[in-house]
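Trainee: Sharing a structure below in structure tokens format, with a few things to ask.
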Amino acid sequence: MNSPPRLAAIIVVVVLAQVAILDVIRVQGTAPNLVFVLAAVAGLTAGSERGAIIGFSAGFLLDLASFTPVGLGAMSAALIGYAAGAVQGATVRSSRLLPIGTAAVAGVVGTLLEVGFGAVVGREVDTNAQLLLAALIVGAGNGLLAPLVVALLRDPTPSRTRARIAGW
Amino acid sequence: MAPARSARRPRFTLVLLILTSITLLSLDHSGVGPLDSARRAVLSVTSPVRGFVGDVLSPVGGLWSRATSSGDLAEENEQLRAEVEELRGELAREDSAAATLEQLLDEVDIPYVSSLDTVTARVVGGPVANTGASLEIDKGSAAGIREGMAVISSGGLVGSVDVAAPRRSTIRLITDAGFRVGVRVDETLLGICVGQGAGDLLRVELSVDASKPIEEDMVITTSGLERSLFPAGIPIGRVTSVSIAEDGLTQFALVEPLADLEGAGFLNAVLWVPPT
């Protein structure tokens, strides 16, 4: 299990990567959302509660680092993390494609959630076609980046050490 | 019991996080100090990183941008060209409107008939016949204009209403050969002013008064005497030359109209009829 300091470091790295790297690489003016990927993968691996907390923390930090209203990204990512944890609970058999699919869906849904919440607080909304295109681009990008985040979140403790700790 | 408790706790956590998010949104909207400070602190860390990474990755970013949006650039270019053309047209229309407004303001500023009602009309046409000096304006009887009423501009008397249709009127200019108006010269001498044809100076005929000689540059105005068709005090023109008839009893003055009779864009019809 990732320790809190390690999780905090991962959150910082993800947010820095989002604002520094992904900002440069855009398609039709839209970039993938690594925070949604992190929230989704955290929910899948650690459950709804942790997924929500990690999503909220990363979303809050991203809100501070960008110019979105503080709390907007945090709320969307918390919901994504919670929902991904629910998917994990409902899944009978895990698959390597599950994190990719979940991250992609999280990108689409998270983008729509963010825009919807933003509209409630008075932000301008793109037209339906532009919004849908942006959501799909985020979903596709998220799916491609999901394996990276999975690797980042993987428990670094060697398996033999984990077994010794578990008393095997 | 344990499974129900374990199911409730994530939901409770989620609700707590959502309420916290809503609180943060409200605080951010209100511009609360700590949040602004937190944002500045985070930006102070991320901005340098962003700048450095941006510089390093800018060639990649440029290539990526060209690869993913090259087809859009041509379309965007066309769209921008069309917008520029439209804006140029708008600018030209606004310049024209501004010039028209300035002309209107210049021509409707008429202090000498401040006590009389007037109707402002736009000049919409020149002479309606091959002979005579006239103009057409876009107001008529529906606006209260009647035949015979004086028509003026900021410079002075332009003419009188010849024909008044509901929405159009024809104005006989003061230079028209058939135009006649009673005048006062230098506030004291009385005479008759007649037109001599389009483009020609006006001719004023007065009796000679040795104590009050007419001189060049004197201004003549409408006399407004009993049965006069025009109210008193409307400037007509400035004396350019004076001559005396052979009998020595009559003097004549040539007068240059003060009003711009050819370039006027707006005129005012004075809604005044002689008292009966």
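Each chain in the structure tokens gets a letter, A, B, ..., in the order shown, and its residues are numbered from 1; ligands are numbered from 1 in order too.
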Show me, as an mmCIF file with N, CA and C atoms, in the first residue's frame, the residues that have an atom within 12 Å of Phe179 in chain B when counting only C-alpha atoms, minus same-chain residues fewer than 4 positions from it.

Mentor:
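Once everything was written out, this is selection-v2.cif:
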```cif
data_model
loop_
_atom_site.group_PDB
_atom_site.id
_atom_site.type_symbol
_atom_site.label_atom_id
_atom_site.label_comp_id
_atom_site.auth_asym_id
_atom_site.auth_seq_id
_atom_site.Cartn_x
_atom_site.Cartn_y
_atom_site.Cartn_z
ATOM 1 N N GLY B 132 -35.373 76.462 -61.870
ATOM 2 C CA GLY B 132 -35.650 76.743 -60.458
ATOM 3 C C GLY B 132 -34.604 76.130 -59.542
ATOM 4 N N ALA B 133 -34.497 76.755 -58.372
ATOM 5 C CA ALA B 133 -33.551 76.278 -57.365
ATOM 6 C C ALA B 133 -34.368 75.646 -56.248
ATOM 7 N N SER B 134 -34.222 74.333 -56.045
ATOM 8 C CA SER B 134 -35.060 73.666 -55.045
ATOM 9 C C SER B 134 -34.334 72.458 -54.466
ATOM 10 N N GLY B 148 -45.281 77.196 -47.507
ATOM 11 C CA GLY B 148 -44.977 78.571 -47.136
ATOM 12 C C GLY B 148 -44.095 78.696 -45.912
ATOM 13 N N ALA B 150 -40.951 78.626 -43.398
ATOM 14 C CA ALA B 150 -39.531 78.877 -43.613
ATOM 15 C C ALA B 150 -38.734 77.611 -43.350
ATOM 16 N N LEU B 157 -31.398 81.361 -43.426
ATOM 17 C CA LEU B 157 -32.575 80.998 -44.219
ATOM 18 C C LEU B 157 -32.138 80.237 -45.460
ATOM 19 N N VAL B 158 -32.807 79.134 -45.710
ATOM 20 C CA VAL B 158 -32.510 78.308 -46.889
ATOM 21 C C VAL B 158 -33.582 78.527 -47.957
ATOM 22 N N GLY B 159 -34.810 78.622 -47.506
ATOM 23 C CA GLY B 159 -35.891 78.819 -48.463
ATOM 24 C C GLY B 159 -37.223 78.681 -47.772
ATOM 25 N N SER B 160 -38.241 78.276 -48.554
ATOM 26 C CA SER B 160 -39.570 78.070 -47.976
ATOM 27 C C SER B 160 -40.170 76.815 -48.579
ATOM 28 N N VAL B 161 -41.146 76.264 -47.875
ATOM 29 C CA VAL B 161 -41.778 75.032 -48.347
ATOM 30 C C VAL B 161 -42.685 75.388 -49.535
ATOM 31 N N ASP B 162 -42.419 74.711 -50.643
ATOM 32 C CA ASP B 162 -43.200 74.956 -51.856
ATOM 33 C C ASP B 162 -44.375 73.995 -51.942
ATOM 34 N N ILE B 171 -38.616 72.242 -51.349
ATOM 35 C CA ILE B 171 -38.228 73.538 -50.792
ATOM 36 C C ILE B 171 -37.776 74.450 -51.930
ATOM 37 N N ARG B 172 -38.345 75.612 -51.961
ATOM 38 C CA ARG B 172 -37.873 76.616 -52.923
ATOM 39 C C ARG B 172 -36.766 77.384 -52.242
ATOM 40 N N LEU B 173 -35.608 77.370 -52.847
ATOM 41 C CA LEU B 173 -34.445 78.012 -52.235
ATOM 42 C C LEU B 173 -34.527 79.525 -52.387
ATOM 43 N N ILE B 174 -33.813 80.227 -51.526
ATOM 44 C CA ILE B 174 -33.832 81.689 -51.555
ATOM 45 C C ILE B 174 -33.222 82.239 -52.834
ATOM 46 N N THR B 175 -32.415 81.412 -53.510
ATOM 47 C CA THR B 175 -31.797 81.869 -54.758
ATOM 48 C C THR B 175 -32.724 81.696 -55.964
ATOM 49 N N ILE B 192 -36.745 94.514 -49.562
ATOM 50 C CA ILE B 192 -37.209 93.250 -50.130
ATOM 51 C C ILE B 192 -36.008 92.533 -50.726
ATOM 52 N N CYS B 193 -35.926 91.233 -50.410
ATOM 53 C CA CYS B 193 -34.831 90.401 -50.942
ATOM 54 C C CYS B 193 -35.419 89.463 -51.978
ATOM 55 N N VAL B 194 -34.790 89.388 -53.150
ATOM 56 C CA VAL B 194 -35.283 88.491 -54.196
ATOM 57 C C VAL B 194 -34.154 87.588 -54.682
ATOM 58 N N GLY B 195 -34.538 86.408 -55.122
ATOM 59 C CA GLY B 195 -33.556 85.509 -55.702
ATOM 60 C C GLY B 195 -33.325 85.846 -57.163
ATOM 61 N N GLN B 196 -32.116 85.495 -57.660
ATOM 62 C CA GLN B 196 -31.810 85.813 -59.047
ATOM 63 C C GLN B 196 -31.448 84.561 -59.839
ATOM 64 N N GLY B 197 -31.654 83.396 -59.245
ATOM 65 C CA GLY B 197 -31.355 82.160 -59.948
ATOM 66 C C GLY B 197 -30.344 81.347 -59.168
ATOM 67 N N ALA B 198 -30.386 80.075 -59.392
ATOM 68 C CA ALA B 198 -29.494 79.171 -58.662
ATOM 69 C C ALA B 198 -28.044 79.571 -58.888
ATOM 70 N N LEU B 202 -28.118 87.070 -54.007
ATOM 71 C CA LEU B 202 -29.453 87.634 -53.776
ATOM 72 C C LEU B 202 -29.390 89.143 -54.016
ATOM 73 N N ARG B 203 -30.545 89.701 -54.305
ATOM 74 C CA ARG B 203 -30.589 91.142 -54.550
ATOM 75 C C ARG B 203 -31.574 91.761 -53.589
ATOM 76 N N VAL B 204 -31.120 92.765 -52.877
ATOM 77 C CA VAL B 204 -31.977 93.446 -51.894
ATOM 78 C C VAL B 204 -32.216 94.864 -52.382
ATOM 79 N N LEU B 229 -44.327 86.289 -44.273
ATOM 80 C CA LEU B 229 -44.466 84.837 -44.241
ATOM 81 C C LEU B 229 -43.464 84.160 -43.306
#
```

Trainee: Do a neighbour search on range 45-47 of chain A at 8 Å with only C-alpha atoms, toss out local chain neighbours closer than 2 positions, and write the hits as a list of chain:residue names.

Mentor: A:Val41, A:Ala42, A:Gly43, A:Glu49, A:Arg50, A:Gly51, A:Tyr82, A:Ala84, A:Gly85, A:Ala86, A:Gln88, A:Gly89

Trainee: Please dump the current selection as an mmCIF file, in the first residue's frame; keep all heavy atoms.

Mentor:
```cif
data_model
loop_
_atom_site.group_PDB
_atom_site.id
_atom_site.type_symbol
_atom_site.label_atom_id
_atom_site.label_comp_id
_atom_site.auth_asym_id
_atom_site.auth_seq_id
_atom_site.Cartn_x
_atom_site.Cartn_y
_atom_site.Cartn_z
ATOM 1 N N VAL A 41 -7.751 5.436 -11.295
ATOM 2 C CA VAL A 41 -6.870 4.298 -10.988
ATOM 3 C C VAL A 41 -6.785 4.091 -9.480
ATOM 4 O O VAL A 41 -6.772 2.957 -8.988
ATOM 5 C CB VAL A 41 -5.467 4.532 -11.606
ATOM 6 C CG1 VAL A 41 -4.485 3.476 -11.145
ATOM 7 C CG2 VAL A 41 -5.558 4.565 -13.125
ATOM 8 N N ALA A 42 -6.748 5.186 -8.715
ATOM 9 C CA ALA A 42 -6.712 5.065 -7.250
ATOM 10 C C ALA A 42 -7.986 4.413 -6.738
ATOM 11 O O ALA A 42 -7.954 3.560 -5.836
ATOM 12 C CB ALA A 42 -6.546 6.452 -6.628
ATOM 13 N N GLY A 43 -9.118 4.772 -7.320
ATOM 14 C CA GLY A 43 -10.373 4.152 -6.921
ATOM 15 C C GLY A 43 -10.400 2.676 -7.249
ATOM 16 O O GLY A 43 -10.860 1.858 -6.454
ATOM 17 N N GLU A 49 -13.372 5.013 -1.096
ATOM 18 C CA GLU A 49 -13.035 6.081 -0.146
ATOM 19 C C GLU A 49 -11.677 6.713 -0.484
ATOM 20 O O GLU A 49 -11.553 7.922 -0.567
ATOM 21 C CB GLU A 49 -13.034 5.528 1.270
ATOM 22 C CG GLU A 49 -12.877 6.619 2.327
ATOM 23 C CD GLU A 49 -12.920 6.074 3.736
ATOM 24 O OE1 GLU A 49 -12.839 4.836 3.908
ATOM 25 O OE2 GLU A 49 -13.050 6.892 4.653
ATOM 26 N N ARG A 50 -10.694 5.847 -0.674
ATOM 27 C CA ARG A 50 -9.353 6.362 -0.987
ATOM 28 C C ARG A 50 -9.342 7.049 -2.346
ATOM 29 O O ARG A 50 -8.686 8.066 -2.526
ATOM 30 C CB ARG A 50 -8.351 5.218 -0.989
ATOM 31 C CG ARG A 50 -7.920 4.839 0.401
ATOM 32 C CD ARG A 50 -6.550 4.251 0.385
ATOM 33 N NE ARG A 50 -5.937 4.415 1.685
ATOM 34 C CZ ARG A 50 -4.633 4.376 1.905
ATOM 35 N NH1 ARG A 50 -3.806 4.214 0.889
ATOM 36 N NH2 ARG A 50 -4.162 4.506 3.115
ATOM 37 N N GLY A 51 -10.090 6.464 -3.293
ATOM 38 C CA GLY A 51 -10.166 7.060 -4.621
ATOM 39 C C GLY A 51 -10.730 8.470 -4.541
ATOM 40 O O GLY A 51 -10.249 9.407 -5.187
ATOM 41 N N TYR A 82 -14.550 7.979 -6.435
ATOM 42 C CA TYR A 82 -15.567 7.185 -5.738
ATOM 43 C C TYR A 82 -16.226 6.188 -6.691
ATOM 44 O O TYR A 82 -16.394 4.995 -6.371
ATOM 45 C CB TYR A 82 -16.611 8.112 -5.116
ATOM 46 C CG TYR A 82 -17.681 7.378 -4.366
ATOM 47 C CD1 TYR A 82 -17.508 7.033 -3.033
ATOM 48 C CD2 TYR A 82 -18.875 7.012 -5.003
ATOM 49 C CE1 TYR A 82 -18.487 6.351 -2.334
ATOM 50 C CE2 TYR A 82 -19.860 6.321 -4.314
ATOM 51 C CZ TYR A 82 -19.667 5.997 -2.993
ATOM 52 O OH TYR A 82 -20.627 5.298 -2.298
ATOM 53 N N ALA A 84 -15.056 5.024 -9.530
ATOM 54 C CA ALA A 84 -14.114 3.980 -9.970
ATOM 55 C C ALA A 84 -13.995 2.892 -8.895
ATOM 56 O O ALA A 84 -13.889 1.692 -9.192
ATOM 57 C CB ALA A 84 -12.752 4.592 -10.265
ATOM 58 N N GLY A 85 -14.033 3.315 -7.618
ATOM 59 C CA GLY A 85 -13.990 2.330 -6.535
ATOM 60 C C GLY A 85 -15.205 1.437 -6.563
ATOM 61 O O GLY A 85 -15.121 0.229 -6.291
ATOM 62 N N ALA A 86 -16.343 2.012 -6.931
ATOM 63 C CA ALA A 86 -17.561 1.216 -7.034
ATOM 64 C C ALA A 86 -17.445 0.208 -8.172
ATOM 65 O O ALA A 86 -17.942 -0.925 -8.076
ATOM 66 C CB ALA A 86 -18.762 2.136 -7.262
ATOM 67 N N GLN A 88 -14.662 -1.137 -9.150
ATOM 68 C CA GLN A 88 -13.781 -2.182 -8.639
ATOM 69 C C GLN A 88 -14.556 -3.168 -7.775
ATOM 70 O O GLN A 88 -14.359 -4.389 -7.867
ATOM 71 C CB GLN A 88 -12.645 -1.542 -7.814
ATOM 72 C CG GLN A 88 -11.666 -2.533 -7.228
ATOM 73 C CD GLN A 88 -11.526 -2.361 -5.726
ATOM 74 O OE1 GLN A 88 -12.485 -2.001 -5.042
ATOM 75 N NE2 GLN A 88 -10.353 -2.633 -5.209
ATOM 76 N N GLY A 89 -15.448 -2.663 -6.961
ATOM 77 C CA GLY A 89 -16.238 -3.521 -6.096
ATOM 78 C C GLY A 89 -17.174 -4.421 -6.881
ATOM 79 O O GLY A 89 -17.493 -5.536 -6.454
#
```

Trainee: What's the 9 Å shell around Ser66 in chain A, counting only C-alpha atoms, without same-chain residues fewer than 5 positions away, as a list in words?

Mentor: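 The filter keeps Val19 and Leu61 of chain A; Arg39 and Leu43 of chain B.
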
Trainee: Let me make sure I understand: among A:Val87, A:Val121, A:Gly71, A:Gly101, which one has the smallest atom-to-atom distance to Leu144 in chain A if we use only C-alpha atoms?

Mentor: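 So, comparing all the options, the nearest one is A:Gly101.
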
Trainee: What does the distance from CA of Met218 in chain B to CA of Val123 in chain B come to in Å, to one decimal?

Mentor: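 Distance reported for this atom pair: 29.2 Å.
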